[in-house]
Amino acid sequence: MAMLEVNNLSIQFGGLRAVDGFQVSIEKGRLYGLIGPNGAGKTTVFNLLTGVYKPTEGVIRLDGEDITGKSTIEINRAGIARTFQNIRLFGAMSVLDNVKAGLHNDHKYSTLAGILRLPSYFKAEKEMNEKAMELLRVFGLDGEAEYLASNLPYGKQRKLEIARAMATNPKLLLLDEPAAGMNPNETAELMKTIHFVRDNFDMTILLIEHDMKLVSGICEELTVLNFGQVLCQGKTAEVLSNPQVITAYLGE
Amino acid sequence: MADMKKSMSKTSKNNYITYAMVIAIFIVVQALSATGNLSRLLTGLLVPLCVYTIAAVSLNLVVGFSGELSLGHAGFMCVGAYSSALFSSVFADTLPSVPRLILAILIGAAVAAVFGILIGIPVLRLRGDYLAIVTLAFGEIIKNLINVLYVGVDENGLHVAVSSAGLNLAAGGKQIMKGALGISGTATLYKDIKDYFFLIGVILILITLFIVQNLVNSRSGRAITSTRDNRIAAESVGISVTKYKLMAFTISAALAGVAGVLYAHNLSMLKVSTFDYNLSILVLVYVVLGGIGNLRGSIIATIILYALPELLRGFSTYRMLIYAVVLIAMMLFNWAPAARNFRSRILERLRGNRKKKEAA
Ligand SMILES: Nc1ncnc2c1ncn2[C@@H]1O[C@H](COP(=O)(O)OP(=O)(O)OP(=O)(O)O)[C@@H](O)[C@H]1O
Ligand SMILES: [Mg+2]
């Protein structure tokens with residue numbers, strides 16, 4: 001069974017059908033790419049998958065479970081975590097606390113236990129600290145754990161967003177242009193990290209990207225979106241050599 | 001792992017500094033008063049100062065940590081004050097003063113919390129600055145409502161009406177709340193512990209700090225601040241924005257209620273006109289000038305800005321001028337980018353030196 005199965009997903013903004021009959025099937029453990037020109041509807045697909053927008057039509061199944069129309073919180077609990085094209089960190093919180101916020105539903109203790117500093121507080125906080133530091137190490141951010149998130153350089157902010165999403169222990173990770181604003185070195189390093197995450201955390205990853213080097217380097221399959229519709233879908237090499245794709249997207 | 005411990009100890013160290021500051025101020029004031037160096041005027045300001053400090057610290061939870069604007073803090077103080085004063089009057093003869101005061105504090109907090117929940121549930125679901133408008137209206141409505149409310153007690157129980165005559169009290173019954181005249185004589189019910197009110201106020205400040213500081217440095221506190229920093233991202237990691245904004249708002253309302261209790265029990269005349277819009281704004285000014293999200297700053301700002309106008313009474317001509325200059329100076333100190341850079345440089349240097357010493 002596919003990890004993510006989407007059928008006939010559509011949303012209408014006034015007169016604009018931003019996503020129109022989108023469908024995709026992503027196997028567990030895939031590194032899958034979603035590409036397309038500016039304004040094609042890629043981010044809107046992410047917003048539909050995560051419940052930020054409710055679809056006008058269509059069905060979304062995660063690991064067999066129908067999650068169509070559920071709230072963002074329910075969908076995160078069901079197992080989808082994401083990053084944002086315009087970075088959305090908790091800027092005035094420390095790097096460590098950003099990841100710990102991601103662990104919110106994983107290590108629970110009551111508000112009263114927190115205020116009264118009961119043993120459950122110390123136990124859960126210790127576990128959270130250890131887990132968060134482990135994740136920060138994966139992204140090379142452990143040295144900056146105490147920094148304010150907004151004081152990190154751009155590339156590291158993007159990585160922190162991935163670490164925070166990973167902290168929610170998702171089945172499917174959605175990355176919206178993870179390499180945007182990174183230099184070639186940072187991008188190469190990010191590609192390694194994404195691979196590492198997929199292999200070591202048993203993760204399925206769907207990513208939006210404009211950087212063709214990154215896309216062809218790590219994505220095993222691709223969907224090309226154009227004007228809200230699927231233009232082409234399949235193995236990366238085949239998709240990238242499709243003449244329609246070249247004219248619609250790569251040619252320009 | 002060593003880094004981790006340091007970060008934990010840094011926040012707890014910060015918390016202890018705040019407690020220590022409050023206790024130190026208390027000791028200094030006690031010493032001054034024991035040696036007869038505290039004027040009558042200043043002595044009279046001590047308990048109200050505790051009231052405003054609790055109000056400012058609790059408002060900072062909403063404004064600073066959950067990032068919502070509340071303009072109705074005086075309304076919560078008001079319901080805390082009236083409900084507790086009513087309780088104290090009714091049970092004046094049945095309970096000794098210490099347990100009566102403790103119960104009054106709990107009742108004031110609970111009643112204010114209930115109002116907090118009633119306002120918060122519908123409003124905090126909405127995105128946008130509706131809270132400011134609704135809390136503003138709440139403060140005014142509560143004030144006007146209490147202004148016309150008469151409450152009395154006789155052998156048949158509690159009577160509530162909108163006029164003195166409407167109470168229909170049996171012979172021997174007594175009026176407690178008298179509309180615009182409010183509740184009188186609450187302080188006299190606590191004559192035996194009157195001298196300890198400043199101590200009680202300081203203890204209540206410490207309890208307020210304990211609750212707010214421990215809350216913001218816990219799982220729920222992280223959730224609260226995450227909803228302030230980025231609502232969409234908070235939801236994307238499974239944090240319920242409404243739940244945590246409501247939690248911050250309710251706890252803040254309860255603590256404002258406690259401030260109201262202290263205020264009411266320190267006065268012989270409790271009048272509703274005190275709890276107007278200006279009081280909410282005043283407390284907000286303390287919070288903003290002390291630094292949003294900075295609890296110690298709230299305390300310092302309250303002390304300076306509350307005591308200053310009183311201390312300056314002698315210089316009546318320049319009083320408002322000096323007050324305005326201090327206001328502006330504090331604002332610049334806390335908010336101007338240059339001042340902030342300067343402060344963080346100093347802090348870093350201090351930390352750097354310490355690190356070097358540790359390393360050496
Ligand atoms: N909330 C909204 N209301 C109205 N129109 C919207 C909304 N969100 C997106 N759109 C429109 O939908 C279209 C698709 O936008 P989307 O952000 O999904 O594109 P994208 O493929 O992510 O582009 P880019 O590569 O620039 O990020 C655009 O025309 C955009 O203006
Ligand atoms: Mg986009």
# chains A, B, ... in the order shown; residues from 1 in each chain; ligands from 1
$ select_by_dssp --residues "segment 240-271 of chain B" --states "alpha helix (DSSP H)" --output "ChimeraX atom specification"
/B:241-265
$ residues_near_ligand --ligand "ligand 1" --cutoff "6 Å" --atoms "only C-alpha atoms and all ligand atoms" --output "ChimeraX atom specification"
/A:13,18,37-44
$ residues_near_ligand --ligand "ligand 2" --cutoff "12 Å" --atoms "only C-alpha atoms and all ligand atoms" --output "PyMOL selection string"
chain A and resi 18+34-47+83-87+175-178+180+207-210+225+228
$ residues_around --residues "Ser83 of chain B" --least-positions-apart "5" --cutoff "8 Å" --atoms "only C-alpha atoms" --output "list in words"
Ile107, Gly108 and Val111 of chain B
$ write_last_selection --atoms "N, CA and C atoms" --output "PDB file, in the first residue's frame"
ATOM      1  N   ILE B 107     -11.300  32.350  45.936  1.00  0.00           N
ATOM      2  CA  ILE B 107     -12.570  32.664  45.278  1.00  0.00           C
ATOM      3  C   ILE B 107     -12.381  33.766  44.234  1.00  0.00           C
ATOM      4  N   GLY B 108     -11.628  34.799  44.606  1.00  0.00           N
ATOM      5  CA  GLY B 108     -11.357  35.880  43.647  1.00  0.00           C
ATOM      6  C   GLY B 108     -10.691  35.341  42.394  1.00  0.00           C
ATOM      7  N   VAL B 111     -13.308  33.117  40.374  1.00  0.00           N
ATOM      8  CA  VAL B 111     -14.338  33.894  39.668  1.00  0.00           C
ATOM      9  C   VAL B 111     -13.721  34.606  38.448  1.00  0.00           C
TER      10      VAL B 111
END
$ select_by_dssp --residues "segment 47-231 of chain A" --states "strand (DSSP E)" --output "PyMOL selection string"
chain A and resi 57-62+65-66+80-82+172-176+204-208+221-226+229-231
$ write_last_selection --atoms "N, CA and C atoms" --output "tab-separated table (two decimals), in the first residue's frame"
chain	number	residue	atom	x	y	z
A	57	GLU	N	-12.63	19.30	-3.74
A	57	GLU	CA	-12.90	17.93	-4.17
A	57	GLU	C	-11.68	17.08	-3.86
A	58	GLY	N	-11.88	15.75	-3.90
A	58	GLY	CA	-10.74	14.86	-3.83
A	58	GLY	C	-10.60	14.11	-2.52
A	59	VAL	N	-9.72	13.12	-2.54
A	59	VAL	CA	-9.48	12.26	-1.38
A	59	VAL	C	-7.98	12.17	-1.11
A	60	ILE	N	-7.62	12.29	0.17
A	60	ILE	CA	-6.22	12.13	0.57
A	60	ILE	C	-6.15	10.96	1.56
A	61	ARG	N	-5.29	9.99	1.25
A	61	ARG	CA	-5.11	8.86	2.16
A	61	ARG	C	-3.65	8.79	2.58
A	62	LEU	N	-3.44	8.70	3.91
A	62	LEU	CA	-2.09	8.55	4.43
A	62	LEU	C	-2.00	7.17	5.04
A	65	GLU	N	-5.20	5.60	5.74
A	65	GLU	CA	-6.20	6.33	6.52
A	65	GLU	C	-6.68	7.55	5.74
A	66	ASP	N	-8.00	7.72	5.66
A	66	ASP	CA	-8.55	8.88	4.97
A	66	ASP	C	-8.41	10.12	5.85
A	80	ILE	N	1.76	13.57	9.17
A	80	ILE	CA	2.39	14.43	8.15
A	80	ILE	C	3.01	15.64	8.83
A	81	ALA	N	4.27	15.89	8.53
A	81	ALA	CA	4.92	17.10	9.04
A	81	ALA	C	5.51	17.84	7.85
A	82	ARG	N	5.70	19.15	8.00
A	82	ARG	CA	6.12	19.92	6.85
A	82	ARG	C	7.07	21.05	7.22
A	172	LEU	N	5.34	10.90	6.91
A	172	LEU	CA	5.59	11.58	5.64
A	172	LEU	C	6.08	12.99	5.94
A	173	LEU	N	7.19	13.35	5.30
A	173	LEU	CA	7.76	14.67	5.51
A	173	LEU	C	7.61	15.49	4.23
A	174	LEU	N	7.02	16.68	4.34
A	174	LEU	CA	6.85	17.55	3.18
A	174	LEU	C	7.83	18.72	3.30
A	175	LEU	N	8.70	18.88	2.30
A	175	LEU	CA	9.68	19.96	2.34
A	175	LEU	C	9.40	20.94	1.20
A	176	ASP	N	9.10	22.18	1.56
A	176	ASP	CA	8.78	23.18	0.53
A	176	ASP	C	10.02	24.02	0.22
A	204	THR	N	9.31	8.75	4.53
A	204	THR	CA	8.89	9.01	3.16
A	204	THR	C	8.93	10.53	2.98
A	205	ILE	N	9.54	10.99	1.89
A	205	ILE	CA	9.73	12.43	1.74
A	205	ILE	C	9.18	12.92	0.40
A	206	LEU	N	8.36	13.99	0.49
A	206	LEU	CA	7.89	14.66	-0.72
A	206	LEU	C	8.45	16.07	-0.67
A	207	LEU	N	9.20	16.44	-1.72
A	207	LEU	CA	9.76	17.78	-1.66
A	207	LEU	C	9.49	18.59	-2.91
A	208	ILE	N	9.29	19.90	-2.69
A	208	ILE	CA	9.13	20.86	-3.77
A	208	ILE	C	10.50	21.49	-3.97
A	221	GLU	N	11.38	9.78	-7.97
A	221	GLU	CA	10.24	9.98	-8.86
A	221	GLU	C	9.82	11.43	-8.80
A	222	LEU	N	9.13	11.86	-9.85
A	222	LEU	CA	8.72	13.26	-9.91
A	222	LEU	C	7.28	13.39	-10.39
A	223	THR	N	6.64	14.49	-9.93
A	223	THR	CA	5.40	14.93	-10.55
A	223	THR	C	5.63	16.37	-10.98
A	224	VAL	N	5.26	16.67	-12.22
A	224	VAL	CA	5.38	18.04	-12.69
A	224	VAL	C	3.99	18.65	-12.70
A	225	LEU	N	3.88	19.80	-12.05
A	225	LEU	CA	2.61	20.49	-11.97
A	225	LEU	C	2.68	21.73	-12.86
A	226	ASN	N	1.60	21.98	-13.61
A	226	ASN	CA	1.56	23.18	-14.45
A	226	ASN	C	0.13	23.71	-14.44
A	229	GLN	N	-2.42	21.58	-12.75
A	229	GLN	CA	-2.70	20.22	-13.21
A	229	GLN	C	-1.42	19.40	-13.35
A	230	VAL	N	-1.56	18.09	-13.21
A	230	VAL	CA	-0.40	17.23	-13.38
A	230	VAL	C	-0.05	17.17	-14.86
A	231	LEU	N	1.19	17.56	-15.16
A	231	LEU	CA	1.62	17.57	-16.56
A	231	LEU	C	2.26	16.24	-16.90
$ residues_around --residues "Ala233 of chain B" --least-positions-apart "5" --cutoff "8 Å" --atoms "only C-alpha atoms" --output "ChimeraX atom specification"
/A:88-90 /B:226
$ closest_residue --among "B:Ala137, B:Ile203, B:Val241, B:Leu284" --to "chain A" --atoms "only C-alpha atoms"
B:Val241
$ interface_residues --of "chain B" --to "chain A" --cutoff "10 Å" --atoms "only C-alpha atoms" --output "JSON, numbers by chain"
{"B": [1, 3, 4, 5, 6, 7, 8, 210, 211, 212, 213, 214, 215, 216, 217, 218, 219, 220, 221, 222, 223, 224, 225, 226, 227, 228, 229, 230, 231, 232, 233, 234, 235, 236, 237, 238, 239, 240, 241, 247]}
$ residues_around --residues "Arg198 of chain A" --least-positions-apart "4" --cutoff "9 Å" --atoms "only C-alpha atoms" --output "PyMOL selection string"
chain A and resi 29-31+193-194+202-205
$ write_last_selection --atoms "N, CA and C atoms" --output "mmCIF file, in the first residue's frame"
data_model
loop_
_atom_site.group_PDB
_atom_site.id
_atom_site.type_symbol
_atom_site.label_atom_id
_atom_site.label_comp_id
_atom_site.auth_asym_id
_atom_site.auth_seq_id
_atom_site.Cartn_x
_atom_site.Cartn_y
_atom_site.Cartn_z
ATOM 1 N N GLY A 29 8.933 5.129 1.916
ATOM 2 C CA GLY A 29 10.384 5.199 1.791
ATOM 3 C C GLY A 29 10.875 5.926 0.551
ATOM 4 N N ARG A 30 9.973 6.424 -0.282
ATOM 5 C CA ARG A 30 10.367 7.159 -1.488
ATOM 6 C C ARG A 30 10.896 8.542 -1.142
ATOM 7 N N LEU A 31 11.771 9.022 -2.023
ATOM 8 C CA LEU A 31 12.144 10.426 -2.039
ATOM 9 C C LEU A 31 11.527 10.993 -3.304
ATOM 10 N N THR A 193 21.994 15.345 3.907
ATOM 11 C CA THR A 193 21.178 15.236 5.123
ATOM 12 C C THR A 193 19.819 14.632 4.809
ATOM 13 N N ILE A 194 19.209 15.067 3.698
ATOM 14 C CA ILE A 194 17.892 14.536 3.338
ATOM 15 C C ILE A 194 17.972 13.025 3.109
ATOM 16 N N ASP A 202 13.650 6.070 8.369
ATOM 17 C CA ASP A 202 12.604 5.279 7.761
ATOM 18 C C ASP A 202 11.474 6.195 7.282
ATOM 19 N N MET A 203 11.869 7.252 6.574
ATOM 20 C CA MET A 203 10.943 8.335 6.262
ATOM 21 C C MET A 203 10.542 8.308 4.788
ATOM 22 N N THR A 204 9.309 8.747 4.528
ATOM 23 C CA THR A 204 8.888 9.014 3.158
ATOM 24 C C THR A 204 8.932 10.527 2.984
ATOM 25 N N ILE A 205 9.538 10.990 1.887
ATOM 26 C CA ILE A 205 9.729 12.432 1.739
ATOM 27 C C ILE A 205 9.177 12.918 0.403
#
$ atom_distance --atom1 "atom CA of Ala254 of chain B" --atom2 "atom CA of Cys78 of chain B"
11.3 Å
$ closest_residue --among "A:Phe201, A:Pro243, A:Leu214, A:Met3" --to "Asn183 of chain A" --atoms "only C-alpha atoms"
A:Leu214
$ atom_distance --atom1 "atom CA of Asn200 of chain A" --atom2 "atom CA of Glu134 of chain A"
12.7 Å
$ residues_around --residues "segment 262-276 of chain B" --least-positions-apart "6" --cutoff "9 Å" --atoms "only C-alpha atoms" --output "PyMOL selection string"
chain B and resi 47-48+50-51+72-75+77-78+80-82+84-85+88+101+105+139-140+143-144+146-147+179-190+194+197+200-201+204
$ atom_distance --atom1 "atom CA of Ser33 of chain B" --atom2 "atom CA of Val202 of chain B"
15.4 Å
